[in-house]
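K.L.:
To be precise about what I am sending: the file is called data.cif and holds mmCIF, C-alpha atoms and all ligand atoms.
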data_entry
#
loop_
_atom_site.label_atom_id
_atom_site.label_comp_id
_atom_site.auth_asym_id
_atom_site.auth_seq_id
_atom_site.Cartn_x
_atom_site.Cartn_y
_atom_site.Cartn_z
CA MET W 1 1.22 -16.06 -12.61
CA GLU W 2 -1.01 -18.26 -10.54
CA ILE W 3 -4.76 -18.13 -11.14
CA VAL W 4 -7.02 -19.43 -8.41
CA ILE W 5 -10.70 -19.87 -9.26
CA LEU W 6 -12.96 -20.46 -6.30
CA ASP W 7 -16.62 -21.39 -6.13
CA SER W 8 -17.85 -18.45 -4.11
CA PRO W 9 -16.93 -14.87 -3.19
CA LYS W 10 -16.67 -16.07 0.42
CA GLU W 11 -13.90 -18.49 -0.53
CA VAL W 12 -12.10 -15.68 -2.33
CA ASP W 13 -12.30 -13.60 0.85
CA GLU W 14 -10.96 -16.51 2.90
CA PHE W 15 -8.07 -17.05 0.52
CA VAL W 16 -7.06 -13.38 0.57
CA ALA W 17 -7.46 -13.00 4.33
CA SER W 18 -5.33 -16.09 4.97
CA GLN W 19 -2.56 -14.74 2.75
CA ILE W 20 -2.41 -11.55 4.80
CA VAL W 21 -2.81 -13.25 8.17
CA ASP W 22 -0.06 -15.77 7.33
CA LEU W 23 2.28 -12.94 6.35
CA VAL W 24 1.52 -11.00 9.52
CA LYS W 25 2.07 -14.08 11.67
CA THR W 26 5.38 -14.98 10.11
CA LYS W 27 7.08 -11.65 9.42
CA GLU W 28 8.49 -9.32 11.99
CA ARG W 29 7.62 -6.16 10.04
CA PRO W 30 4.97 -7.12 7.49
CA VAL W 31 4.18 -4.44 4.94
CA VAL W 32 0.85 -4.57 3.14
CA GLY W 33 -0.61 -2.29 0.48
CA PHE W 34 -4.38 -1.99 0.80
CA ALA W 35 -6.94 -1.30 -1.92
CA THR W 36 -10.37 0.16 -1.25
CA GLY W 37 -13.53 -0.59 -3.25
CA SER W 38 -16.03 -3.35 -2.68
CA THR W 39 -13.84 -6.30 -3.69
CA PRO W 40 -11.52 -6.67 -0.67
CA VAL W 41 -14.05 -5.79 2.05
CA GLY W 42 -14.99 -9.42 2.72
CA ALA W 43 -11.33 -10.28 3.26
CA TYR W 44 -10.94 -7.29 5.59
CA ASN W 45 -13.94 -8.52 7.61
CA LEU W 46 -12.31 -11.92 8.01
CA MET W 47 -9.07 -10.30 9.15
CA ILE W 48 -11.05 -8.41 11.79
CA GLU W 49 -12.71 -11.66 12.85
CA GLN W 50 -9.36 -13.41 13.19
CA TYR W 51 -8.08 -10.51 15.27
CA HIS W 52 -11.08 -10.66 17.62
CA LEU W 53 -10.60 -14.39 17.99
CA GLY W 54 -7.06 -13.66 19.15
CA LYS W 55 -5.56 -15.53 16.22
CA VAL W 56 -3.49 -12.67 14.83
CA ASP W 57 -1.73 -9.60 16.16
CA PHE W 58 -1.47 -6.65 13.78
CA SER W 59 0.67 -4.46 16.03
CA ASN W 60 3.69 -4.78 13.73
CA LEU W 61 1.79 -4.24 10.49
CA ILE W 62 2.90 -1.40 8.23
CA ALA W 63 0.00 -0.37 5.99
CA PHE W 64 0.01 1.65 2.79
CA ASN W 65 -3.14 2.85 1.09
CA LEU W 66 -3.04 2.42 -2.64
CA ASP W 67 -4.83 5.57 -3.77
CA GLU W 68 -7.02 8.51 -2.85
CA TYR W 69 -9.19 11.27 -4.25
CA VAL W 70 -7.63 14.67 -4.85
CA GLY W 71 -9.20 17.59 -3.00
CA VAL W 72 -10.65 15.43 -0.26
CA LYS W 73 -9.35 15.59 3.30
CA LEU W 74 -8.14 12.34 4.86
CA ASP W 75 -10.94 12.49 7.43
CA HIS W 76 -13.65 13.21 4.81
CA PRO W 77 -16.37 10.55 5.10
CA ARG W 78 -15.81 9.47 1.47
CA SER W 79 -12.01 9.49 1.43
CA PHE W 80 -10.26 6.19 0.82
CA ALA W 81 -8.35 6.83 4.06
CA THR W 82 -11.67 6.92 5.95
CA PHE W 83 -12.80 3.81 4.09
CA MET W 84 -9.71 1.90 5.19
CA ARG W 85 -9.88 3.27 8.73
CA THR W 86 -13.52 2.38 9.29
CA ARG W 87 -13.55 -0.92 7.36
CA LEU W 88 -10.32 -2.28 8.79
CA PHE W 89 -7.74 -0.25 10.65
CA ASP W 90 -10.00 0.97 13.49
CA GLN W 91 -11.10 -2.59 14.10
CA ILE W 92 -7.69 -4.23 14.45
CA ASN W 93 -4.63 -3.31 16.50
CA VAL W 94 -2.52 -1.79 13.72
CA LYS W 95 -0.68 1.23 15.12
CA LYS W 96 -1.85 4.62 13.80
CA GLU W 97 1.74 5.67 13.16
CA ASN W 98 2.21 2.63 10.91
CA ILE W 99 -0.62 3.58 8.55
CA TYR W 100 0.40 5.58 5.50
CA ALA W 101 -2.08 7.30 3.22
CA LEU W 102 -1.83 9.69 0.31
CA ASP W 103 -3.21 13.07 1.37
CA GLY W 104 -4.95 14.43 -1.72
CA SER W 105 -6.03 17.57 0.11
CA LYS W 106 -2.47 18.93 0.37
CA GLN W 107 -1.39 21.94 -1.70
CA ASP W 108 1.86 20.42 -2.93
CA LEU W 109 0.88 17.06 -4.36
CA THR W 110 4.25 16.55 -6.05
CA GLN W 111 5.80 16.55 -2.61
CA VAL W 112 3.11 14.15 -1.32
CA CYS W 113 3.90 11.78 -4.21
CA ASN W 114 7.67 11.99 -3.77
CA GLU W 115 7.46 11.40 -0.03
CA TYR W 116 5.21 8.37 -0.57
CA GLU W 117 7.67 6.89 -3.07
CA LYS W 118 10.49 7.31 -0.54
CA LEU W 119 8.42 5.69 2.20
CA ILE W 120 7.64 2.71 -0.01
CA GLU W 121 11.28 2.47 -1.09
CA ASN W 122 12.24 2.21 2.57
CA ASN W 123 9.43 -0.22 3.42
CA GLN W 124 9.13 -2.63 0.52
CA ILE W 125 5.57 -3.88 0.28
CA ASP W 126 5.33 -7.63 0.95
CA ILE W 127 1.79 -8.03 -0.36
CA GLN W 128 -0.13 -5.53 -2.46
CA ILE W 129 -3.86 -6.13 -2.62
CA LEU W 130 -5.42 -5.07 -5.91
CA GLY W 131 -8.84 -4.93 -7.49
CA VAL W 132 -9.49 -4.20 -11.14
CA GLY W 133 -11.64 -1.31 -12.34
CA MET W 134 -14.22 -1.74 -15.09
CA ASN W 135 -11.82 0.04 -17.47
CA GLY W 136 -8.89 -2.13 -16.42
CA HIS W 137 -7.36 0.35 -13.99
CA ILE W 138 -5.28 -0.73 -11.02
CA GLY W 139 -5.15 1.73 -8.16
CA TYR W 140 -6.14 4.84 -10.08
CA ASN W 141 -3.81 4.05 -12.96
CA GLU W 142 -6.26 4.66 -15.75
CA PRO W 143 -5.90 3.43 -19.36
CA GLY W 144 -2.97 5.26 -20.94
CA SER W 145 -0.95 5.37 -17.71
CA ASP W 146 2.80 4.96 -17.79
CA LEU W 147 3.53 1.28 -17.12
CA ASP W 148 6.64 2.33 -15.18
CA GLY W 149 4.96 5.20 -13.39
CA LYS W 150 5.59 6.32 -9.85
CA THR W 151 3.07 7.77 -7.42
CA HIS W 152 1.27 10.58 -9.25
CA VAL W 153 -1.89 12.63 -9.75
CA VAL W 154 -4.36 11.45 -12.40
CA ASP W 155 -7.45 12.73 -14.18
CA LEU W 156 -10.12 10.16 -13.47
CA GLN W 157 -11.93 8.72 -16.46
CA GLU W 158 -15.68 8.59 -16.74
CA LYS W 159 -16.03 4.92 -15.77
CA SER W 160 -14.02 5.50 -12.60
CA ILE W 161 -16.03 8.60 -11.72
CA THR W 162 -19.29 6.72 -12.22
CA SER W 163 -18.03 3.79 -10.13
CA SER W 164 -17.51 6.18 -7.23
CA LEU W 165 -21.28 6.34 -6.91
CA ASN W 166 -20.88 2.88 -5.36
CA TYR W 167 -18.55 4.36 -2.76
CA GLY W 168 -21.06 6.59 -1.00
CA PHE W 169 -21.27 9.62 -3.25
CA THR W 170 -24.90 10.25 -4.14
CA LYS W 171 -24.46 12.72 -7.00
CA ILE W 172 -22.01 12.53 -9.86
CA GLU W 173 -21.16 16.25 -9.37
CA GLU W 174 -19.86 15.43 -5.88
CA VAL W 175 -17.31 12.91 -7.12
CA PRO W 176 -13.76 14.26 -7.40
CA THR W 177 -12.41 14.24 -10.94
CA LYS W 178 -8.79 13.71 -9.96
CA GLY W 179 -7.09 10.99 -8.00
CA ILE W 180 -3.66 10.36 -6.53
CA THR W 181 -2.27 6.86 -6.80
CA MET W 182 0.76 4.66 -6.42
CA GLY W 183 2.07 4.29 -9.95
CA ILE W 184 2.17 1.03 -11.85
CA GLY W 185 5.95 0.93 -11.37
CA THR W 186 5.43 1.41 -7.62
CA ILE W 187 2.86 -1.38 -7.49
CA MET W 188 5.09 -3.74 -9.47
CA LYS W 189 7.87 -3.34 -6.89
CA ALA W 190 5.79 -5.14 -4.27
CA LYS W 191 7.13 -8.61 -3.51
CA LYS W 192 3.76 -10.19 -4.16
CA LEU W 193 0.54 -9.05 -5.81
CA LEU W 194 -2.90 -10.39 -4.96
CA MET W 195 -5.31 -9.42 -7.72
CA ILE W 196 -8.91 -10.08 -6.70
CA ALA W 197 -12.05 -10.01 -8.83
CA LYS W 198 -15.54 -11.15 -7.96
CA GLY W 199 -18.88 -11.13 -9.70
CA LYS W 200 -20.13 -11.40 -13.26
CA ASP W 201 -19.67 -7.69 -13.98
CA LYS W 202 -15.92 -8.29 -13.91
CA LYS W 203 -15.79 -11.22 -16.31
CA ASP W 204 -15.01 -9.19 -19.45
CA ILE W 205 -12.32 -7.09 -17.87
CA VAL W 206 -10.81 -10.15 -16.18
CA LYS W 207 -10.58 -11.90 -19.54
CA ALA W 208 -8.96 -8.80 -21.05
CA MET W 209 -6.53 -8.47 -18.13
CA LEU W 210 -5.40 -12.07 -18.59
CA GLU W 211 -5.48 -12.41 -22.37
CA GLU W 212 -5.09 -9.06 -24.13
CA PRO W 213 -1.59 -7.85 -25.03
CA ILE W 214 0.18 -6.20 -22.11
CA SER W 215 -0.23 -2.48 -22.67
CA SER W 216 -1.27 0.72 -20.99
CA LYS W 217 -4.62 0.45 -22.79
CA ILE W 218 -5.54 -2.03 -20.09
CA PRO W 219 -3.20 -1.17 -17.21
CA SER W 220 -4.00 -4.32 -15.23
CA THR W 221 -2.46 -6.50 -17.99
CA ILE W 222 0.91 -5.49 -16.50
CA ILE W 223 0.45 -7.78 -13.52
CA ARG W 224 1.31 -10.71 -15.82
CA GLN W 225 4.90 -9.44 -15.84
CA HIS W 226 5.21 -9.73 -12.06
CA ASP W 227 7.01 -12.87 -10.97
CA ASN W 228 4.88 -13.40 -7.87
CA VAL W 229 1.25 -12.67 -8.59
CA ILE W 230 -1.87 -14.58 -7.64
CA VAL W 231 -5.12 -13.76 -9.41
CA ILE W 232 -8.01 -14.85 -7.21
CA LEU W 233 -11.39 -15.08 -8.90
CA ASP W 234 -14.80 -16.37 -8.04
CA LYS W 235 -16.57 -18.48 -10.66
CA GLU W 236 -18.53 -15.52 -11.98
CA ALA W 237 -15.53 -13.25 -12.50
CA ALA W 238 -13.79 -16.18 -14.18
CA GLY W 239 -16.85 -16.73 -16.40
CA LYS W 240 -15.08 -15.86 -19.65
C1 LIG F 301 -9.30 1.23 -4.99
C2 LIG F 301 -8.64 0.85 -6.22
C3 LIG F 301 -9.39 0.49 -7.44
C4 LIG F 301 -10.37 -0.65 -7.22
C5 LIG F 301 -11.14 -0.96 -8.50
C6 LIG F 301 -12.18 -2.03 -8.26
O1 LIG F 301 -8.35 1.54 -3.99
O2 LIG F 301 -7.47 0.84 -6.24
O3 LIG F 301 -8.48 0.15 -8.46
O4 LIG F 301 -9.67 -1.78 -6.78
O5 LIG F 301 -11.75 0.18 -8.97
O6 LIG F 301 -13.18 -1.52 -7.43
P1 LIG F 301 -14.30 -2.45 -6.82
O7 LIG F 301 -13.62 -3.38 -5.87
O8 LIG F 301 -15.23 -1.53 -6.07
O9 LIG F 301 -14.94 -3.15 -7.94
#
Could you render the structure from this file as structure tokens?
P.N.:
Amino acid sequence: MEIVILDSPKEVDEFVASQIVDLVKTKERPVVGFATGSTPVGAYNLMIEQYHLGKVDFSNLIAFNLDEYVGVKLDHPRSFATFMRTRLFDQINVKKENIYALDGSKQDLTQVCNEYEKLIENNQIDIQILGVGMNGHIGYNEPGSDLDGKTHVVDLQEKSITSSLNYGFTKIEEVPTKGITMGIGTIMKAKKLLMIAKGKDKKDIVKAMLEEPISSKIPSTIIRQHDNVIVILDKEAAGK
């Protein structure tokens, strides 16, 4: 595991964006798994900037969204699919048919999960972008999740539900209580993981992720078992 501590959130964004841009420039069919949330947005903005400057062409990019709410249509303003579309995909030249998202509004979610697993099996993810939740989750793999798990439906825990108030929901009652997520096993099959954390609020969970025993109590501890993972922190997130 490589840990990179940078002075500012901006430098974290630059580091992450350059990892993705370098992959896209050098690989014929680059496959990237994208996380939502506030952490990677700065990096996404820099990718958009690079695209507009003509420095990178995303037409061959294959994109997988990491997770989604259950019971929310893909085009719902608060869905993670809409988040990724508006914050990144609509602003670069990735092809619509190359963007894969988990549709949590479908009746048969087992089928949705199985199909997603197949898709990822056939398109191994080169770089998976990850953030860490305040309870240590990765994707929506909450504490207690199977460390080998595949794409599945989860009951969201209170901390994750509350955090959704940062994602545009105004009332707690509006926030879905279930999510659908790539499993930890699915995430660990990516060739490379980029785990990003910024800000002082993350310093305790970052310390736990890096120092507590690897267990499903803190799902993000599992990343330490990956043989190609970079943890990118700003000074504040690295504070402990
Ligand atoms: C979102 C996701 C989550 C977030 C985590 C951190 O797709 O997978 O695990 O990465 O909740 O969220 P932020 O970045 O908002 O602190």
K.L.:
Choose the residue, out of W:Leu165, W:Val72, W:Ile99, W:Ile223, that has the smallest atom-to-atom separation from ligand LIG 301 (chain F); count all atoms listed in the file.
P.N.:
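Going through W:Leu165, W:Val72, W:Ile99, W:Ile223 one by one, the smallest distance to ligand LIG 301 (chain F) is for W:Leu165.
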K.L.:
Considering all atoms listed in the file, tabulate each residue of chain W that lies at most 7 Å from ligand LIG 301 (chain F) along with its nearest interatomic pair and the corresponding distance in Å to one decimal; arrange the rows by chain and ascending residue number and present them as CSV.
P.N.:
residue,atom,partner,partner_atom,distance
W:Ala35,CA,F:LIG301,O1,3.8
W:Thr36,CA,F:LIG301,O1,3.7
W:Gly37,CA,F:LIG301,O8,3.4
W:Ser38,CA,F:LIG301,O8,3.9
W:Thr39,CA,F:LIG301,O7,3.7
W:Pro40,CA,F:LIG301,O7,6.5
W:Leu66,CA,F:LIG301,O1,5.5
W:Asp67,CA,F:LIG301,O1,5.4
W:Phe80,CA,F:LIG301,O1,7.0
W:Leu130,CA,F:LIG301,O4,5.4
W:Gly131,CA,F:LIG301,O4,3.3
W:Val132,CA,F:LIG301,C5,4.5
W:Gly133,CA,F:LIG301,O5,3.7
W:Met134,CA,F:LIG301,O5,6.9
W:His137,CA,F:LIG301,O3,5.6
W:Ile138,CA,F:LIG301,O3,4.2
W:Gly139,CA,F:LIG301,O2,3.1
W:Tyr140,CA,F:LIG301,O3,5.5
W:Ser160,CA,F:LIG301,O5,6.8
K.L.:
Residues at most 8 Å from stretch 174-187 of chain W, counting all atoms listed in the file, excluding those fewer than 4 positions away in the same chain, as a tab-separated table (two decimals) with C-alpha atoms, in the frame of the given file?
P.N.:
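Dumped to result_39.tsv:
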chain	number	residue	atom	x	y	z
W	66	LEU	CA	-3.04	2.42	-2.64
W	67	ASP	CA	-4.83	5.57	-3.77
W	68	GLU	CA	-7.02	8.51	-2.85
W	69	TYR	CA	-9.19	11.27	-4.25
W	70	VAL	CA	-7.63	14.67	-4.85
W	71	GLY	CA	-9.20	17.59	-3.00
W	72	VAL	CA	-10.65	15.43	-0.26
W	102	LEU	CA	-1.83	9.69	0.31
W	104	GLY	CA	-4.95	14.43	-1.72
W	117	GLU	CA	7.67	6.89	-3.07
W	128	GLN	CA	-0.13	-5.53	-2.46
W	138	ILE	CA	-5.28	-0.73	-11.02
W	139	GLY	CA	-5.15	1.73	-8.16
W	140	TYR	CA	-6.14	4.84	-10.08
W	141	ASN	CA	-3.81	4.05	-12.96
W	145	SER	CA	-0.95	5.37	-17.71
W	146	ASP	CA	2.80	4.96	-17.79
W	147	LEU	CA	3.53	1.28	-17.12
W	148	ASP	CA	6.64	2.33	-15.18
W	149	GLY	CA	4.96	5.20	-13.39
W	150	LYS	CA	5.59	6.32	-9.85
W	151	THR	CA	3.07	7.77	-7.42
W	152	HIS	CA	1.27	10.58	-9.25
W	153	VAL	CA	-1.89	12.63	-9.75
W	154	VAL	CA	-4.36	11.45	-12.40
W	155	ASP	CA	-7.45	12.73	-14.18
W	156	LEU	CA	-10.12	10.16	-13.47
W	157	GLN	CA	-11.93	8.72	-16.46
W	161	ILE	CA	-16.03	8.60	-11.72
W	164	SER	CA	-17.51	6.18	-7.23
W	165	LEU	CA	-21.28	6.34	-6.91
W	169	PHE	CA	-21.27	9.62	-3.25
W	170	THR	CA	-24.90	10.25	-4.14
W	219	PRO	CA	-3.20	-1.17	-17.21
K.L.:
Neighbourhood query: residues within 9 Å of (-15.6, -17.2, -3.8), file coordinates, counting only C-alpha atoms; return as a list of chain:residue names.
P.N.:
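Residues close enough to count: W:Ile5, W:Leu6, W:Asp7, W:Ser8, W:Pro9, W:Lys10, W:Glu11, W:Val12, W:Asp13, W:Glu14, W:Phe15, W:Lys198, W:Ile232, W:Leu233, W:Asp234, W:Lys235, W:Glu236.
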K.L.:
Just checking: using only C-alpha atoms, which residue out of W:Ala190, W:Leu46, W:Val94, W:Val4 ends up closest to W:Asp227?
P.N.:
W:Ala190
K.L.:
Would you compute the distance between atom CA of W:Leu23 and atom CA of W:Phe58? Give it in Å to one decimal.
P.N.:
10.4 Å
K.L.:
My list of candidates is W:Glu97, W:Asp90, W:Glu2, W:Asp103. Which is closest to W:His76 when distances are computed with only C-alpha atoms?
P.N.:
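The shortest atom-to-atom distance to W:His76 comes from W:Asp103.
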K.L.:
May I have the protein, DNA and RNA residues with any atom at most 9 Å from the point (6.7, -7.4, 1.1), counting all atoms listed in the file, written as a PyMOL selection string?
P.N.:
chain W and resi 23+30-33+123-128+190-192
K.L.:
How many Å separate atom CA of W:Leu193 from atom CA of W:His226?
P.N.:
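Interatomic distance here is 7.8 Å.
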K.L.:
Where's the centre, and what are the edge lengths in Å to one decimal, of a box along x, y and z enclosing all listed atoms of stretch 154-164 of chain W padded 6 Å per side, as AutoDock Vina command-line options?
P.N.:
--center_x -11.8 --center_y 8.3 --center_z -12.0 --size_x 26.9 --size_y 20.9 --size_z 21.5
